[in-house]
>>> print(open('data.txt').read())   # compact mmCIF, C-alpha atoms
# COMPACT_ATOMS: atom_id res chain seq x y z
CA MET A 1487 -13.33 18.22 -42.37
CA ALA A 1488 -13.17 21.85 -41.21
CA PRO A 1489 -10.30 22.70 -38.81
CA THR A 1490 -12.71 24.02 -36.17
CA LEU A 1491 -14.68 20.78 -36.26
CA VAL A 1492 -11.50 18.72 -35.89
CA PHE A 1493 -10.43 20.85 -32.92
CA THR A 1494 -13.88 20.42 -31.32
CA LEU A 1495 -13.74 16.64 -31.73
CA VAL A 1496 -10.28 16.54 -30.17
CA LEU A 1497 -11.54 18.49 -27.17
CA ILE A 1498 -14.49 16.13 -26.79
CA ILE A 1499 -12.19 13.09 -26.89
CA ILE A 1500 -9.80 14.60 -24.32
CA ASN A 1501 -12.62 15.59 -21.97
CA THR A 1502 -14.24 12.17 -22.29
CA PHE A 1503 -10.92 10.50 -21.42
CA ASN A 1504 -10.40 12.77 -18.43
CA LEU A 1505 -13.93 12.17 -17.13
CA THR A 1506 -13.56 8.40 -17.54
CA ARG A 1507 -10.19 8.45 -15.78
CA ALA A 1508 -11.55 10.61 -12.96
CA ALA A 1509 -14.47 8.20 -12.49
CA THR A 1510 -12.08 5.31 -11.95
CA LEU A 1511 -9.81 7.07 -9.42
CA PRO A 1512 -10.51 7.10 -5.70
CA ASN A 1513 -11.41 10.63 -4.57
CA PHE A 1514 -8.65 11.55 -2.16
CA THR A 1515 -8.45 15.03 -0.66
CA SER A 1516 -4.78 14.75 0.34
CA ILE A 1517 -1.86 12.39 0.83
CA LEU A 1518 -0.18 11.70 4.18
CA ILE A 1519 3.08 9.76 4.35
CA PHE A 1520 4.80 7.89 7.19
CA GLY A 1521 7.95 5.81 7.14
CA ASP A 1522 11.57 5.79 6.05
CA SER A 1523 13.85 7.11 3.30
CA THR A 1524 11.75 5.59 0.52
CA VAL A 1525 9.10 8.21 1.32
CA ASP A 1526 11.04 10.95 3.18
CA THR A 1527 10.74 14.01 0.94
CA GLY A 1528 13.11 16.10 3.06
CA ASN A 1529 12.29 15.99 6.78
CA ASN A 1530 15.83 14.96 7.68
CA ASN A 1531 17.04 18.30 6.31
CA PHE A 1532 15.57 19.91 9.43
CA ILE A 1533 16.94 17.64 12.16
CA HIS A 1534 20.43 16.88 13.48
CA THR A 1535 21.45 13.70 11.70
CA LEU A 1536 24.09 12.53 9.24
CA LEU A 1537 21.40 10.73 7.23
CA ARG A 1538 20.60 13.52 4.80
CA GLY A 1539 20.18 13.80 1.07
CA ASP A 1540 20.20 17.59 0.81
CA HIS A 1541 23.32 17.76 -1.35
CA LEU A 1542 24.28 16.87 -4.88
CA PRO A 1543 24.28 14.49 -6.65
CA TYR A 1544 20.97 13.76 -4.86
CA GLY A 1545 18.21 15.58 -6.70
CA GLN A 1546 20.20 16.13 -9.89
CA ASN A 1547 17.19 15.06 -11.99
CA PHE A 1548 14.53 16.62 -9.75
CA PRO A 1549 12.70 19.61 -11.29
CA GLY A 1550 15.14 22.50 -11.04
CA HIS A 1551 18.01 20.06 -10.36
CA ILE A 1552 17.61 20.72 -6.63
CA PRO A 1553 18.73 18.37 -3.85
CA THR A 1554 15.55 18.41 -1.75
CA GLY A 1555 16.46 15.75 0.78
CA ARG A 1556 14.91 12.95 -1.25
CA PHE A 1557 17.23 9.94 -1.33
CA SER A 1558 17.26 9.54 -5.09
CA ASN A 1559 18.19 11.48 -8.20
CA GLY A 1560 14.62 12.73 -8.62
CA LYS A 1561 11.07 12.12 -7.43
CA LEU A 1562 9.88 9.42 -5.03
CA ILE A 1563 6.78 7.23 -5.17
CA PRO A 1564 4.65 9.64 -3.05
CA ASP A 1565 5.30 12.36 -5.64
CA PHE A 1566 4.26 10.14 -8.53
CA VAL A 1567 1.18 8.83 -6.73
CA ALA A 1568 0.08 12.33 -5.70
CA GLY A 1569 0.42 13.47 -9.31
CA PHE A 1570 -1.46 10.43 -10.60
CA LEU A 1571 -4.33 11.12 -8.22
CA GLY A 1572 -4.47 14.77 -9.25
CA ILE A 1573 -3.56 16.04 -5.79
CA LYS A 1574 -0.24 17.75 -6.59
CA GLN A 1575 3.06 17.06 -8.32
CA THR A 1576 5.32 16.80 -5.28
CA VAL A 1577 4.70 16.06 -1.60
CA PRO A 1578 6.55 18.42 0.78
CA PRO A 1579 8.07 17.42 4.12
CA PHE A 1580 6.09 18.49 7.17
CA LEU A 1581 9.13 20.03 8.85
CA ASP A 1582 9.67 22.49 6.00
CA PRO A 1583 9.17 25.90 7.65
CA ASN A 1584 7.89 27.39 4.39
CA LEU A 1585 4.79 25.23 3.99
CA SER A 1586 1.80 27.04 2.56
CA ASP A 1587 -1.79 26.57 3.68
CA ASN A 1588 -2.43 24.66 0.46
CA ASP A 1589 0.54 22.38 1.18
CA LEU A 1590 -1.11 21.46 4.46
CA ARG A 1591 -4.55 21.02 2.90
CA THR A 1592 -3.25 18.63 0.24
CA GLY A 1593 -0.88 16.62 2.38
CA VAL A 1594 2.70 16.22 3.57
CA SER A 1595 5.27 13.58 4.45
CA PHE A 1596 6.18 12.87 8.07
CA ALA A 1597 8.70 10.19 7.07
CA SER A 1598 12.33 10.20 8.12
CA ALA A 1599 15.20 8.41 6.39
CA GLY A 1600 16.63 5.73 8.65
CA SER A 1601 13.40 5.23 10.58
CA GLY A 1602 11.58 1.98 11.26
CA LEU A 1603 8.75 0.35 13.15
CA ASP A 1604 11.21 -0.57 15.92
CA ASP A 1605 12.25 2.57 17.82
CA LEU A 1606 15.61 0.92 18.53
CA THR A 1607 16.40 1.27 14.81
CA THR A 1608 16.68 5.05 15.17
CA VAL A 1609 18.66 5.29 18.41
CA ALA A 1610 22.12 5.65 16.86
CA THR A 1611 21.13 7.90 13.94
CA GLY A 1612 19.00 10.59 15.56
CA VAL A 1613 16.27 10.39 12.92
CA ILE A 1614 12.54 10.65 13.62
CA PRO A 1615 11.11 7.40 15.04
CA MET A 1616 7.75 6.27 13.71
CA SER A 1617 6.26 7.03 17.13
CA GLU A 1618 7.36 10.66 16.85
CA GLN A 1619 6.01 10.83 13.31
CA LEU A 1620 2.61 10.23 14.91
CA ASP A 1621 3.23 13.19 17.19
CA LEU A 1622 4.07 15.31 14.14
CA PHE A 1623 0.81 14.18 12.58
CA LYS A 1624 -1.10 15.38 15.63
CA SER A 1625 0.60 18.78 15.28
CA TYR A 1626 -0.34 18.77 11.61
CA LYS A 1627 -3.99 18.14 12.50
CA ALA A 1628 -3.99 21.13 14.83
CA ARG A 1629 -2.43 23.39 12.17
CA LEU A 1630 -4.85 22.15 9.54
CA GLY A 1631 -7.77 22.79 11.87
CA GLY A 1632 -6.55 26.36 12.33
CA ILE A 1633 -6.68 26.85 8.55
CA VAL A 1634 -9.91 25.14 7.52
CA GLY A 1635 -11.73 24.59 10.81
CA GLU A 1636 -11.84 21.44 12.92
CA ARG A 1637 -14.76 19.80 11.11
CA GLU A 1638 -13.25 20.29 7.64
CA ALA A 1639 -9.86 19.10 8.91
CA GLU A 1640 -11.48 15.88 10.10
CA ASN A 1641 -13.11 15.47 6.69
CA ILE A 1642 -9.81 16.01 4.87
CA ILE A 1643 -8.04 13.43 7.02
CA LYS A 1644 -10.89 10.94 6.65
CA ASN A 1645 -10.61 11.21 2.87
CA SER A 1646 -6.83 11.27 2.68
CA LEU A 1647 -4.64 8.55 1.25
CA VAL A 1648 -2.33 7.44 4.04
CA VAL A 1649 0.86 5.60 3.03
CA ILE A 1650 3.14 3.66 5.39
CA SER A 1651 6.50 2.45 4.10
CA ALA A 1652 8.76 1.02 6.79
CA GLY A 1653 10.53 -2.13 7.90
CA THR A 1654 13.60 -2.39 5.68
CA ASN A 1655 15.82 -0.50 8.15
CA ASP A 1656 14.55 -2.64 11.02
CA PHE A 1657 15.98 -5.71 9.33
CA GLY A 1658 18.84 -4.35 7.24
CA PHE A 1659 20.41 -1.97 9.76
CA ASN A 1660 19.14 -3.29 13.05
CA TYR A 1661 18.38 -7.02 13.20
CA TYR A 1662 21.05 -8.15 10.72
CA LEU A 1663 23.82 -5.87 11.96
CA LEU A 1664 23.22 -5.23 15.68
CA PRO A 1665 23.10 -7.86 18.45
CA VAL A 1666 20.26 -6.59 20.67
CA ARG A 1667 17.19 -7.80 18.81
CA ARG A 1668 18.89 -11.01 17.62
CA ALA A 1669 19.45 -11.86 21.27
CA GLN A 1670 15.73 -11.39 21.94
CA PHE A 1671 14.11 -12.85 18.81
CA ASP A 1672 14.70 -15.35 16.05
CA ILE A 1673 13.73 -14.01 12.62
CA ARG A 1674 10.12 -15.18 12.89
CA GLY A 1675 9.78 -13.63 16.31
CA TYR A 1676 11.16 -10.32 15.09
CA GLN A 1677 8.78 -10.34 12.14
CA ASP A 1678 5.89 -10.79 14.57
CA PHE A 1679 7.29 -8.03 16.80
CA LEU A 1680 7.31 -5.61 13.86
CA GLN A 1681 3.86 -6.62 12.68
CA ASN A 1682 2.45 -6.04 16.14
CA ALA A 1683 4.04 -2.59 15.96
CA MET A 1684 2.43 -2.04 12.55
CA GLN A 1685 -0.95 -3.09 13.89
CA ASP A 1686 -0.65 -0.64 16.78
CA TYR A 1687 0.44 2.07 14.35
CA VAL A 1688 -2.57 1.61 12.09
CA GLN A 1689 -4.84 1.61 15.13
CA ALA A 1690 -3.32 4.93 16.26
CA LEU A 1691 -3.83 6.46 12.80
CA TYR A 1692 -7.40 5.18 12.76
CA ASP A 1693 -8.02 6.74 16.17
CA GLN A 1694 -6.81 10.05 14.68
CA GLY A 1695 -9.37 9.82 11.88
CA CYS A 1696 -7.48 8.08 9.04
CA ARG A 1697 -9.56 5.58 7.10
CA ARG A 1698 -7.85 4.71 3.79
CA ILE A 1699 -4.37 3.31 4.29
CA ALA A 1700 -1.84 1.71 1.94
CA ILE A 1701 0.91 -0.31 3.61
CA ALA A 1702 4.01 -1.23 1.63
CA GLY A 1703 5.58 -4.62 2.04
CA LEU A 1704 9.32 -5.16 2.13
CA PRO A 1705 11.42 -5.10 -1.03
CA PRO A 1706 13.86 -7.92 -1.81
CA MET A 1707 16.28 -6.73 0.87
CA GLY A 1708 18.96 -9.16 -0.21
CA CYS A 1709 19.29 -7.25 -3.48
CA LEU A 1710 20.25 -3.95 -1.84
CA PRO A 1711 23.83 -3.27 -2.96
CA VAL A 1712 24.96 -2.22 0.52
CA LEU A 1713 23.77 -5.49 2.07
CA ILE A 1714 25.45 -7.50 -0.68
CA THR A 1715 28.66 -5.59 0.08
CA ALA A 1716 28.26 -6.17 3.83
CA ARG A 1717 28.15 -9.92 3.26
CA LEU A 1718 31.79 -9.73 2.04
CA LYS A 1719 31.15 -12.02 -0.91
CA PRO A 1720 33.83 -12.41 -3.64
CA PRO A 1721 34.06 -9.10 -5.56
CA LEU A 1722 32.63 -10.54 -8.78
CA ASP A 1723 29.72 -12.22 -7.01
CA ARG A 1724 27.11 -9.48 -6.72
CA THR A 1725 24.06 -11.76 -6.74
CA CYS A 1726 21.22 -11.16 -4.30
CA LEU A 1727 21.25 -12.69 -0.82
CA GLU A 1728 18.54 -15.33 -0.93
CA ASP A 1729 18.27 -15.74 2.84
CA GLU A 1730 17.41 -12.06 3.30
CA ASN A 1731 15.00 -12.16 0.36
CA ALA A 1732 13.31 -15.17 1.94
CA ASP A 1733 12.94 -13.18 5.18
CA ALA A 1734 11.26 -10.39 3.20
CA ARG A 1735 8.88 -12.81 1.47
CA SER A 1736 7.79 -14.46 4.71
CA TYR A 1737 7.31 -11.08 6.39
CA ASN A 1738 5.21 -9.90 3.46
CA GLN A 1739 3.03 -13.00 3.56
CA LYS A 1740 2.35 -12.38 7.24
CA LEU A 1741 1.43 -8.79 6.37
CA VAL A 1742 -0.92 -9.94 3.60
CA ASN A 1743 -2.64 -12.21 6.13
CA LEU A 1744 -2.80 -9.51 8.81
CA LEU A 1745 -4.30 -6.62 6.86
CA PRO A 1746 -7.78 -8.09 6.14
CA GLN A 1747 -8.13 -8.94 9.82
CA LEU A 1748 -7.01 -5.45 10.75
CA GLN A 1749 -9.48 -3.86 8.33
CA ALA A 1750 -12.31 -6.00 9.70
CA SER A 1751 -11.53 -4.78 13.21
CA LEU A 1752 -11.65 -1.08 12.21
CA PRO A 1753 -15.15 -0.16 10.95
CA GLY A 1754 -15.17 2.04 7.85
CA SER A 1755 -11.50 1.50 7.08
CA ARG A 1756 -9.94 0.39 3.79
CA ILE A 1757 -6.46 -1.03 4.17
CA VAL A 1758 -4.53 -2.24 1.14
CA TYR A 1759 -1.23 -4.07 0.78
CA ALA A 1760 1.24 -2.43 -1.61
CA ASP A 1761 3.34 -5.17 -3.19
CA VAL A 1762 6.83 -3.77 -3.67
CA TYR A 1763 8.69 -7.07 -3.68
CA THR A 1764 7.26 -8.59 -6.87
CA THR A 1765 8.09 -5.62 -9.08
CA VAL A 1766 11.56 -4.98 -7.67
CA ILE A 1767 12.64 -8.61 -7.96
CA ASP A 1768 11.33 -8.56 -11.53
CA MET A 1769 13.52 -5.52 -12.16
CA VAL A 1770 16.49 -7.53 -10.91
CA ASN A 1771 15.68 -10.64 -12.90
CA ASN A 1772 14.40 -8.96 -16.07
CA PRO A 1773 16.10 -5.55 -16.15
CA GLN A 1774 15.65 -5.08 -19.89
CA LYS A 1775 11.86 -4.81 -19.40
CA TYR A 1776 12.47 -1.58 -17.51
CA GLY A 1777 15.40 -0.22 -19.49
CA PHE A 1778 17.98 -1.13 -16.83
CA THR A 1779 21.46 -2.44 -17.53
CA VAL A 1780 22.85 -2.38 -13.96
CA THR A 1781 21.00 -3.82 -10.96
CA ASN A 1782 23.65 -4.88 -8.43
CA ARG A 1783 25.29 -1.56 -7.62
CA GLY A 1784 24.21 2.05 -7.39
CA CYS A 1785 24.80 4.94 -9.77
CA CYS A 1786 26.57 7.11 -7.18
CA GLY A 1787 30.32 6.52 -6.82
CA THR A 1788 31.26 2.84 -6.85
CA GLY A 1789 27.65 2.03 -6.02
CA LEU A 1790 28.79 -0.56 -3.49
CA LEU A 1791 28.65 1.41 -0.24
CA GLU A 1792 27.85 5.06 -0.96
CA ALA A 1793 24.66 6.48 0.54
CA SER A 1794 23.71 9.65 2.40
CA PHE A 1795 26.86 11.66 3.24
CA LEU A 1796 29.03 9.08 1.42
CA CYS A 1797 27.21 9.95 -1.81
CA ASN A 1798 28.37 13.53 -2.39
CA PRO A 1799 29.88 15.81 -5.05
CA GLU A 1800 33.24 14.07 -4.58
CA THR A 1801 31.69 10.72 -5.57
CA PRO A 1802 30.40 11.53 -9.04
CA ALA A 1803 27.32 9.79 -10.32
CA CYS A 1804 27.03 7.68 -13.45
CA THR A 1805 26.08 9.42 -16.68
CA ALA A 1806 22.89 7.40 -17.32
CA PRO A 1807 21.00 6.92 -14.03
CA SER A 1808 17.86 5.79 -15.88
CA GLN A 1809 19.77 2.61 -16.76
CA PHE A 1810 20.38 1.81 -13.08
CA LEU A 1811 17.92 0.18 -10.71
CA PHE A 1812 19.67 1.77 -7.71
CA TRP A 1813 20.73 5.38 -7.31
CA ASP A 1814 23.00 4.83 -4.31
CA SER A 1815 23.79 1.60 -2.48
CA ILE A 1816 20.33 1.53 -0.85
CA HIS A 1817 17.78 3.60 -2.76
CA PRO A 1818 16.26 3.18 -6.21
CA THR A 1819 16.61 5.68 -9.03
CA GLU A 1820 13.76 7.92 -10.10
CA ALA A 1821 13.29 5.62 -13.11
CA ALA A 1822 12.80 2.62 -10.82
CA TYR A 1823 10.45 4.55 -8.51
CA LYS A 1824 8.39 5.68 -11.51
CA ALA A 1825 8.04 2.14 -12.86
CA LEU A 1826 7.12 0.88 -9.39
CA ALA A 1827 4.63 3.72 -8.87
CA ASP A 1828 2.87 2.89 -12.15
CA ILE A 1829 2.15 -0.61 -10.83
CA LEU A 1830 1.28 0.47 -7.29
CA GLU A 1831 -1.23 2.99 -8.62
CA LYS A 1832 -3.22 0.13 -10.13
CA GLN A 1833 -3.20 -1.65 -6.78
CA LEU A 1834 -4.51 1.51 -5.10
CA ILE A 1835 -7.39 1.83 -7.55
CA GLN A 1836 -8.41 -1.77 -7.00
CA GLY A 1837 -8.00 -1.79 -3.26
CA LEU A 1838 -9.17 1.63 -2.10
CA GLN A 1839 -12.20 2.35 -4.26
>>> encode(input="data.txt", output="structure tokens")
Amino acid sequence: MAPTLVFTLVLIIINTFNLTRAATLPNFTSILIFGDSTVDTGNNNFIHTLLRGDHLPYGQNFPGHIPTGRFSNGKLIPDFVAGFLGIKQTVPPFLDPNLSDNDLRTGVSFASAGSGLDDLTTVATGVIPMSEQLDLFKSYKARLGGIVGEREAENIIKNSLVVISAGTNDFGFNYYLLPVRRAQFDIRGYQDFLQNAMQDYVQALYDQGCRRIAIAGLPPMGCLPVLITARLKPPLDRTCLEDENADARSYNQKLVNLLPQLQASLPGSRIVYADVYTTVIDMVNNPQKYGFTVTNRGCCGTGLLEASFLCNPETPACTAPSQFLFWDSIHPTEAAYKALADILEKQLIQGLQ
């Protein structure tokens, strides 16, 4: 077969694959992110808080080996999802003063590490509460309207993928550790309190024009190295805390039950549950499937307590982060985020078509 004919056939095959793939993907104009450190791509760099990831070894495997404020060694799930959908390769933080017009057209993150659905969660840390993230979104809408016009801005937002990832801090660093909410609610009552907050949040986003929303459930919180450490178990017992995992499962089931009702109450909306728990607990129980050898401590320092300012150049990271589920004592590695994103992308295709 002539070389030119072979080359032509290859091009046809590639184009056919790309067209088929494009036909199966939801057509999103941009990506808009709300929540906590799992989706904060650097907003905390621009506020007064100790909860920052703008220093090495954070970002050591990010393109250019730059600590961007992401709480991992590389990219986060919003980056992978945006790339998968053909929007862009990384999602910038809204507070970055150097945002381009195209950055705004294709979407940003409003998330803040340490945030939660309960505003009390952020009081001691000075991070951006979820309620203020909504205010930032309104400012974003005004800026976007100034670039593309009000009507086109509304169209972009209507056809954006909106992602909400929050709740872990509300339990892990508020309810479990501080007395205020425990004095007001038992665990079931606090779950309901947070889900009412989530419902109000989705309603507010809907009122601002958002229509396609993915809401992440809780991970197996009892497997977070920092919470295992806080339990003061024997040093060699680094197994997950089943009571906290059970709390996460029951919260998630309530969320699964809530979202169809919420969607039915908001005409024209598509709201999908993003199941984080199932994949992460599988990573813990079957680490070899994902190439992991360590799942009960982080890669940074001892991996037992280090996170944020405690994970720094004086606490050197492990040499093979791709073999670790966790980067620091709270946050997954880029390898874990990538594996999780691959599965979540399939959920998005099924749920948001």
>>> closest_residue(input="data.txt", among="A:Thr1765, A:Ser1586, A:Gln1619, A:Ser1516", to="Asp1828 (chain A)", atoms="only C-alpha atoms")
A:Thr1765
>>> atom_distance(input="data.txt", atom1="CA of Val1567 (chain A)", atom2="CA of Glu1792 (chain A)")
27.5 Å
>>> residues_near_point(input="data.txt", point="(2.4, 21.5, 8.1)", cutoff="10 Å", atoms="only C-alpha atoms", output="VMD selection string")
chain A and resid 1578 to 1591 1593 to 1596 1622 to 1623 1625 to 1630
>>> write_last_selection(input="data.txt", atoms="C-alpha atoms", output="short mmCIF file (atom, residue, chain, number, x, y, z; two decimals), in the frame of the given file")
data_model
loop_
_atom_site.label_atom_id
_atom_site.label_comp_id
_atom_site.auth_asym_id
_atom_site.auth_seq_id
_atom_site.Cartn_x
_atom_site.Cartn_y
_atom_site.Cartn_z
CA PRO A 1578 6.55 18.42 0.78
CA PRO A 1579 8.07 17.42 4.12
CA PHE A 1580 6.09 18.49 7.17
CA LEU A 1581 9.13 20.03 8.85
CA ASP A 1582 9.67 22.49 6.00
CA PRO A 1583 9.17 25.90 7.65
CA ASN A 1584 7.89 27.39 4.39
CA LEU A 1585 4.79 25.23 3.99
CA SER A 1586 1.80 27.04 2.56
CA ASP A 1587 -1.79 26.57 3.68
CA ASN A 1588 -2.43 24.66 0.46
CA ASP A 1589 0.54 22.38 1.18
CA LEU A 1590 -1.11 21.46 4.46
CA ARG A 1591 -4.55 21.02 2.90
CA GLY A 1593 -0.88 16.62 2.38
CA VAL A 1594 2.70 16.22 3.57
CA SER A 1595 5.27 13.58 4.45
CA PHE A 1596 6.18 12.87 8.07
CA LEU A 1622 4.07 15.31 14.14
CA PHE A 1623 0.81 14.18 12.58
CA SER A 1625 0.60 18.78 15.28
CA TYR A 1626 -0.34 18.77 11.61
CA LYS A 1627 -3.99 18.14 12.50
CA ALA A 1628 -3.99 21.13 14.83
CA ARG A 1629 -2.43 23.39 12.17
CA LEU A 1630 -4.85 22.15 9.54
#
>>> atom_distance(input="data.txt", atom1="CA of Pro1753 (chain A)", atom2="CA of Tyr1692 (chain A)")
9.6 Å
>>> residues_around(input="data.txt", residues="Val1758 (chain A)", least_positions_apart="3", cutoff="8 Å", atoms="only C-alpha atoms", output="ChimeraX atom specification")
/A:1699-1701,1745,1834,1837-1838
>>> closest_residue(input="data.txt", among="A:Thr1554, A:Ser1601, A:Ser1646, A:Thr1764", to="Asp1540 (chain A)", atoms="all atoms listed in the file")
A:Thr1554
>>> residues_near_point(input="data.txt", point="(24.8, -4.6, -6.3)", cutoff="6 Å", atoms="all atoms listed in the file", output="ChimeraX atom specification")
/A:1711,1724,1782-1783
>>> closest_atom_pairs(input="data.txt", of="region 1569-1660 of chain A", to="region 1679-1688 of chain A", cutoff="10 Å", atoms="all atoms listed in the file", output="CSV")
residue,atom,partner,partner_atom,distance
A:Gly1602,CA,A:Leu1680,CA,9.1
A:Leu1603,CA,A:Leu1680,CA,6.2
A:Asp1604,CA,A:Leu1680,CA,6.7
A:Asp1605,CA,A:Ala1683,CA,9.9
A:Met1616,CA,A:Tyr1687,CA,8.5
A:Ser1617,CA,A:Tyr1687,CA,8.1
A:Leu1620,CA,A:Tyr1687,CA,8.5
A:Val1648,CA,A:Val1688,CA,9.9
A:Ile1650,CA,A:Val1688,CA,9.0
A:Ala1652,CA,A:Met1684,CA,9.1
A:Gly1653,CA,A:Leu1680,CA,7.6
A:Asp1656,CA,A:Leu1680,CA,8.3
A:Phe1657,CA,A:Leu1680,CA,9.8
>>> closest_atom_pairs(input="data.txt", of="region 1653-1704 of chain A", to="region 1732-1735 of chain A", cutoff="9 Å", atoms="only C-alpha atoms", output="CSV")
residue,atom,partner,partner_atom,distance
A:Thr1654,CA,A:Ala1734,CA,8.7
A:Ile1673,CA,A:Asp1733,CA,7.5
A:Arg1674,CA,A:Asp1733,CA,8.4
A:Gln1677,CA,A:Asp1733,CA,8.6
A:Gly1703,CA,A:Ala1734,CA,8.2
A:Leu1704,CA,A:Ala1734,CA,5.7
>>> write_last_selection(input="data.txt", atoms="C-alpha atoms", output="tab-separated table (two decimals), in the coordinates of the input")
chain	number	residue	atom	x	y	z
A	1654	THR	CA	13.60	-2.39	5.68
A	1673	ILE	CA	13.73	-14.01	12.62
A	1674	ARG	CA	10.12	-15.18	12.89
A	1677	GLN	CA	8.78	-10.34	12.14
A	1703	GLY	CA	5.58	-4.62	2.04
A	1704	LEU	CA	9.32	-5.16	2.13
>>> residues_around(input="data.txt", residues="Tyr1776 (chain A)", least_positions_apart="6", cutoff="8 Å", atoms="all atoms listed in the file", output="list of chain:residue names")
A:Met1769, A:Ala1822, A:Ala1825
>>> closest_atom_pairs(input="data.txt", of="region 1551-1659 of chain A", to="region 1803-1810 of chain A", cutoff="12 Å", atoms="only C-alpha atoms", output="CSV")
residue,atom,partner,partner_atom,distance
A:Ser1558,CA,A:Pro1807,CA,10.0
A:Asn1559,CA,A:Pro1807,CA,7.9
A:Gly1560,CA,A:Pro1807,CA,10.2
>>> write_last_selection(input="data.txt", atoms="C-alpha atoms", output="PDB file, in the coordinates of the input")
ATOM      1  CA  SER A1558      17.260   9.540  -5.090  1.00  0.00           C
ATOM      2  CA  ASN A1559      18.190  11.480  -8.200  1.00  0.00           C
ATOM      3  CA  GLY A1560      14.620  12.730  -8.620  1.00  0.00           C
TER       4      GLY A1560
END
>>> closest_residue(input="data.txt", among="A:Ile1757, A:Ala1568, A:Leu1811, A:Leu1718", to="Val1770 (chain A)", atoms="only C-alpha atoms")
A:Leu1811
>>> atom_distance(input="data.txt", atom1="CA of Ile1642 (chain A)", atom2="CA of Ile1517 (chain A)")
9.6 Å
>>> closest_residue(input="data.txt", among="A:Asn1641, A:Asn1655, A:Gln1546, A:Gln1749", to="Cys1786 (chain A)", atoms="all atoms listed in the file")
A:Gln1546
>>> build_atoms(input="data.txt", residues="region 1763-1774 of chain A", atoms="N, CA, C and O atoms", output="CSV table (one decimal), in the frame of the given file")
chain,number,residue,atom,x,y,z
A,1763,TYR,N,7.7,-6.0,-3.4
A,1763,TYR,CA,8.7,-7.1,-3.7
A,1763,TYR,C,8.6,-7.6,-5.1
A,1763,TYR,O,9.6,-7.7,-5.8
A,1764,THR,N,7.4,-7.9,-5.6
A,1764,THR,CA,7.3,-8.6,-6.9
A,1764,THR,C,7.8,-7.8,-8.0
A,1764,THR,O,8.6,-8.3,-8.9
A,1765,THR,N,7.6,-6.5,-8.0
A,1765,THR,CA,8.1,-5.6,-9.1
A,1765,THR,C,9.6,-5.4,-9.0
A,1765,THR,O,10.3,-5.5,-10.0
A,1766,VAL,N,10.1,-5.2,-7.8
A,1766,VAL,CA,11.6,-5.0,-7.7
A,1766,VAL,C,12.4,-6.2,-8.0
A,1766,VAL,O,13.4,-6.2,-8.7
A,1767,ILE,N,11.9,-7.4,-7.6
A,1767,ILE,CA,12.6,-8.6,-8.0
A,1767,ILE,C,12.5,-8.9,-9.5
A,1767,ILE,O,13.5,-9.4,-10.1
A,1768,ASP,N,11.4,-8.4,-10.1
A,1768,ASP,CA,11.3,-8.6,-11.5
A,1768,ASP,C,12.3,-7.6,-12.2
A,1768,ASP,O,12.9,-7.9,-13.3
A,1769,MET,N,12.5,-6.4,-11.6
A,1769,MET,CA,13.5,-5.5,-12.2
A,1769,MET,C,14.9,-6.1,-12.1
A,1769,MET,O,15.7,-5.9,-13.0
A,1770,VAL,N,15.2,-6.9,-11.0
A,1770,VAL,CA,16.5,-7.5,-10.9
A,1770,VAL,C,16.6,-8.7,-11.9
A,1770,VAL,O,17.7,-8.8,-12.6
A,1771,ASN,N,15.6,-9.5,-12.1
A,1771,ASN,CA,15.7,-10.6,-12.9
A,1771,ASN,C,15.5,-10.4,-14.4
A,1771,ASN,O,16.0,-11.1,-15.2
A,1772,ASN,N,14.7,-9.3,-14.7
A,1772,ASN,CA,14.4,-9.0,-16.1
A,1772,ASN,C,14.6,-7.5,-16.3
A,1772,ASN,O,13.7,-6.7,-16.6
A,1773,PRO,N,15.8,-7.0,-16.1
A,1773,PRO,CA,16.1,-5.6,-16.2
A,1773,PRO,C,15.8,-4.9,-17.5
A,1773,PRO,O,15.4,-3.7,-17.5
A,1774,GLN,N,15.9,-5.7,-18.6
A,1774,GLN,CA,15.6,-5.1,-19.9
A,1774,GLN,C,14.2,-4.6,-20.1
A,1774,GLN,O,13.9,-3.7,-20.8
